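For reference, the structure discussed in these notes is given below.
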Amino acid sequence: MTRNLLLSGGPVHDFDATSEALAGLLEDHDVHTTVVHDPGAAAALLRGVVRGGEEPYDLLTVNALRWRMEAPRHADLRAEHAYRLTDADAAAFEEFVRGGGGLLALHAAVICFDAHPAWRELCGASWDWAASSHPACGPTLVTLTAAGRDHPLTAGLDDFVIDDEVYGFLDEAEGLVPLLTGEHGGRHHPLLWARATGAGRVVTDLLGHGVASIEHPDHRTILVRAAAWAARDRALPRPRGGVRQP
């Protein structure tokens, strides 16, 4: 059985619903998920894993939207949702992944933590409040790239339409290789990529705004494969229900 620590929560999105849908999907493939809502608690659990005091997790999934919320327009949200990532907590995430753990950074994860350098490096991109944007959630054409046709996460899939958002004009790490792209603002933007980081693996999936996205058949396939790939298939059997094993 693969053990997944899922950090959930934040404003604007129905994270309770999307995290429940994702956890249920992965449970069907023998990935057991523990949900936490405080980034500091997640970091503490991962520090315990690294030090050998906690039962190990194979995968960290971030389906959340937490940042300092310093702009005046976010003032009414600060009391409930504002969060400043400490260097110590950032180091816990980084040490977990670089030490061999997997990371699945879903949708708004790239907006989290105010582009902290360690988090941006793990995810491969971060939201730039001066430049990044997305259109309203709605039918979105997702295009498979040449690299995506050969990668275990997306091999065998075709282009598809999904109800979601296209995050565009992010601050991207150099050399990012997208597996999926979507169009916004006159150009195609990466929507999915996968990278090795130290001894670990990271999948950044910018889809997942709502339950309809999590339940889309092609996205379900990608999410199951992403969990398997990032966690290096630790004790993950062949998926049930016709989804192909990466």
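In the structure tokens, chains take the letters A, B, ... in the order shown, each chain's residues start at 1, and ligands count up from 1 in the order shown.
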
Among the residues of stretch 160-191 of chain A, find those DSSP assigns to strand (DSSP E or B) from the backbone and print them as a list in words. Phe160, Val161, Ile162, Asp163, Asp164, Gly168, Asp171, Glu172, Leu180, Thr181, Gly182, Glu183, His184, Arg187, His188, His189, Pro190 and Leu191 of chain A

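Once A:Glu165 and its same-chain neighbours fewer than 5 positions away are set aside, His134, Pro135, Ala136, Cys137, Gly138, Thr140, Leu207 and His209 of chain A remain within 8 Å of it when counting only C-alpha atoms.
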
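Between atom CA of A:Ile214 and atom CA of A:Glu95 there is a distance of 28.5 Å.
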
Using only C-alpha atoms, which protein or nucleic acid residues come within 10 Å of A:Asp218? Drop anything in the same chain fewer than 6 positions from it, and give the result as a list in words. Thr154, Leu157, Asp158, Asp159, Phe160, Val161, Ile162 and Val243 of chain A

Restrict the selected residues to N, CA and C atoms and save them as a CSV table (one decimal), in the first residue's frame.
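Below is the file selection28.csv, written as the result:
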```
chain,number,residue,atom,x,y,z
A,154,THR,N,1.2,10.1,-19.6
A,154,THR,CA,0.3,10.5,-20.6
A,154,THR,C,0.3,9.7,-21.9
A,157,LEU,N,-2.8,8.6,-24.4
A,157,LEU,CA,-3.9,9.5,-24.4
A,157,LEU,C,-3.9,10.4,-25.6
A,158,ASP,N,-5.0,11.0,-25.9
A,158,ASP,CA,-5.2,12.0,-26.9
A,158,ASP,C,-5.5,13.4,-26.3
A,159,ASP,N,-5.6,14.4,-27.1
A,159,ASP,CA,-6.1,15.7,-26.7
A,159,ASP,C,-7.5,15.5,-26.1
A,160,PHE,N,-7.9,16.3,-25.1
A,160,PHE,CA,-9.2,16.2,-24.5
A,160,PHE,C,-9.7,17.5,-24.1
A,161,VAL,N,-11.0,17.6,-23.9
A,161,VAL,CA,-11.6,18.9,-23.4
A,161,VAL,C,-12.1,18.6,-21.9
A,162,ILE,N,-11.8,19.5,-21.0
A,162,ILE,CA,-12.1,19.4,-19.6
A,162,ILE,C,-12.6,20.7,-19.1
A,243,VAL,N,-8.0,1.4,-15.9
A,243,VAL,CA,-6.9,2.4,-16.0
A,243,VAL,C,-5.6,1.7,-16.2
```

Skipping near chain neighbours, those fewer than 4 positions away, what residues fall within 10 Å of A:Ala118 using only C-alpha atoms, listed as an mmCIF file with N, CA and C atoms, in the first residue's frame?
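As a result, selection-v5.cif now contains:
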```
data_model
loop_
_atom_site.group_PDB
_atom_site.id
_atom_site.type_symbol
_atom_site.label_atom_id
_atom_site.label_comp_id
_atom_site.auth_asym_id
_atom_site.auth_seq_id
_atom_site.Cartn_x
_atom_site.Cartn_y
_atom_site.Cartn_z
ATOM 1 N N ASP A 87 11.141 28.985 6.565
ATOM 2 C CA ASP A 87 12.252 28.291 5.916
ATOM 3 C C ASP A 87 12.364 26.856 6.427
ATOM 4 N N ASP A 89 9.889 24.868 7.436
ATOM 5 C CA ASP A 89 8.863 24.030 6.817
ATOM 6 C C ASP A 89 9.169 23.793 5.342
ATOM 7 N N ALA A 90 9.674 24.817 4.665
ATOM 8 C CA ALA A 90 10.091 24.634 3.272
ATOM 9 C C ALA A 90 11.183 23.574 3.176
ATOM 10 N N ALA A 91 12.114 23.601 4.118
ATOM 11 C CA ALA A 91 13.189 22.605 4.129
ATOM 12 C C ALA A 91 12.649 21.207 4.368
ATOM 13 N N PHE A 93 9.673 20.028 3.374
ATOM 14 C CA PHE A 93 9.134 19.566 2.092
ATOM 15 C C PHE A 93 10.269 19.156 1.153
ATOM 16 N N GLU A 94 11.286 20.000 1.090
ATOM 17 C CA GLU A 94 12.398 19.753 0.180
ATOM 18 C C GLU A 94 13.163 18.491 0.573
ATOM 19 N N PHE A 113 2.437 29.614 -0.955
ATOM 20 C CA PHE A 113 3.706 29.901 -0.280
ATOM 21 C C PHE A 113 4.511 31.032 -0.921
ATOM 22 N N LEU A 122 10.799 23.031 -6.189
ATOM 23 C CA LEU A 122 10.158 21.722 -6.173
ATOM 24 C C LEU A 122 9.077 21.617 -7.242
ATOM 25 N N CYS A 123 8.209 22.618 -7.311
ATOM 26 C CA CYS A 123 7.081 22.569 -8.250
ATOM 27 C C CYS A 123 7.510 22.789 -9.698
ATOM 28 N N GLY A 124 8.578 23.536 -9.904
ATOM 29 C CA GLY A 124 9.017 23.849 -11.253
ATOM 30 C C GLY A 124 8.436 25.135 -11.801
#
```

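Across A:Ala199, A:Val49, A:Ala231, A:Val142, the tightest approach to A:His219 is made by A:Val142 when counting only C-alpha atoms.
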
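Comparing A:Gly182, A:Gly156, A:Gly24, A:Pro217 by their smallest distance to A:Leu141, the closest is A:Gly182 (using only C-alpha atoms).
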
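With atom CA of A:Leu22 on one side and atom CA of A:Leu223 on the other, the separation reads 8.2 Å.
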
For A:Ala173, list every protein, DNA or RNA residue within 9 Å, evaluated using only C-alpha atoms, and leave out those in the same chain fewer than 3 positions away; present the list as a PyMOL selection string. chain A and resi 120-121+123-126+176

Can you write just those residues out, C-alpha atoms, as a PDB file, in the first residue's frame?
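Saved result, again_36.pdb, follows:
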```pdb
ATOM      1  CA  ARG A 120       9.152  27.069  -6.584  1.00  0.00           C
ATOM      2  CA  GLU A 121      12.118  24.792  -7.247  1.00  0.00           C
ATOM      3  CA  CYS A 123       7.081  22.569  -8.250  1.00  0.00           C
ATOM      4  CA  GLY A 124       9.017  23.849 -11.253  1.00  0.00           C
ATOM      5  CA  ALA A 125       6.957  27.048 -11.450  1.00  0.00           C
ATOM      6  CA  SER A 126       5.200  29.570  -9.260  1.00  0.00           C
ATOM      7  CA  LEU A 176      10.549  22.798 -18.071  1.00  0.00           C
TER       8      LEU A 176
END
```

Shell around A:Arg68 at 12 Å using only C-alpha atoms, local window under 3 positions removed, as a PyMOL selection string: chain A and resi 10+65+71-72+74-75+77-86+111-116

Show me, as a VMD selection string, the residues that have an atom within 12 Å of A:Pro56 when counting only C-alpha atoms, minus same-chain residues fewer than 2 positions from it. chain A and resid 1 to 5 34 45 to 54 58 to 60 96 99 to 102 231 234

Nearest to A:Ala155, chosen from A:Thr221, A:Ser8, A:Thr61, A:Thr33, with only C-alpha atoms counted in the distances: A:Thr221

Kindly indicate which residue among A:Ala41, A:Leu170, A:Leu180, A:Ala130 lies nearest to A:Asp205, using only C-alpha atoms for the distances. A:Leu180

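The closest residue to A:Val36, picked from A:Glu174, A:Glu55, A:Asp16, A:Asp150 and counting only C-alpha atoms, is A:Asp16.
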
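Take the candidates A:Ala228, A:Ala109, A:Ala92, A:Leu192 and check each one against A:Thr145 using only C-alpha atoms; the shortest distance goes to A:Leu192.
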
Backbone DSSP call of helix (DSSP H, G or I) for stretch 101-153 of chain A, listed as a compact mmCIF listing (two decimals) with C-alpha atoms, in the first residue's frame:
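And here's out-v3.txt as it stands now:
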```
# COMPACT_ATOMS: atom_id res chain seq x y z
CA HIS A 107 -3.71 23.02 -9.47
CA ALA A 108 -3.36 25.92 -7.00
CA ALA A 109 -0.26 24.39 -5.36
CA VAL A 110 1.88 26.63 -7.60
CA ILE A 111 0.18 29.70 -6.03
CA CYS A 112 0.98 28.51 -2.51
CA PHE A 113 3.71 29.90 -0.28
CA ASP A 114 4.42 33.18 -2.11
CA ALA A 115 6.96 31.73 -4.54
CA PRO A 117 12.44 29.62 -3.61
CA ALA A 118 12.47 26.05 -2.26
CA TRP A 119 8.78 25.52 -3.11
CA ARG A 120 9.15 27.07 -6.58
CA GLU A 121 12.12 24.79 -7.25
CA LEU A 122 10.16 21.72 -6.17
CA CYS A 123 7.08 22.57 -8.25
CA ALA A 146 5.43 15.41 -28.27
CA ALA A 147 7.09 14.66 -24.92
CA GLY A 148 3.70 13.71 -23.49
CA ARG A 149 3.18 11.03 -26.12
CA ASP A 150 6.19 9.15 -24.74
```
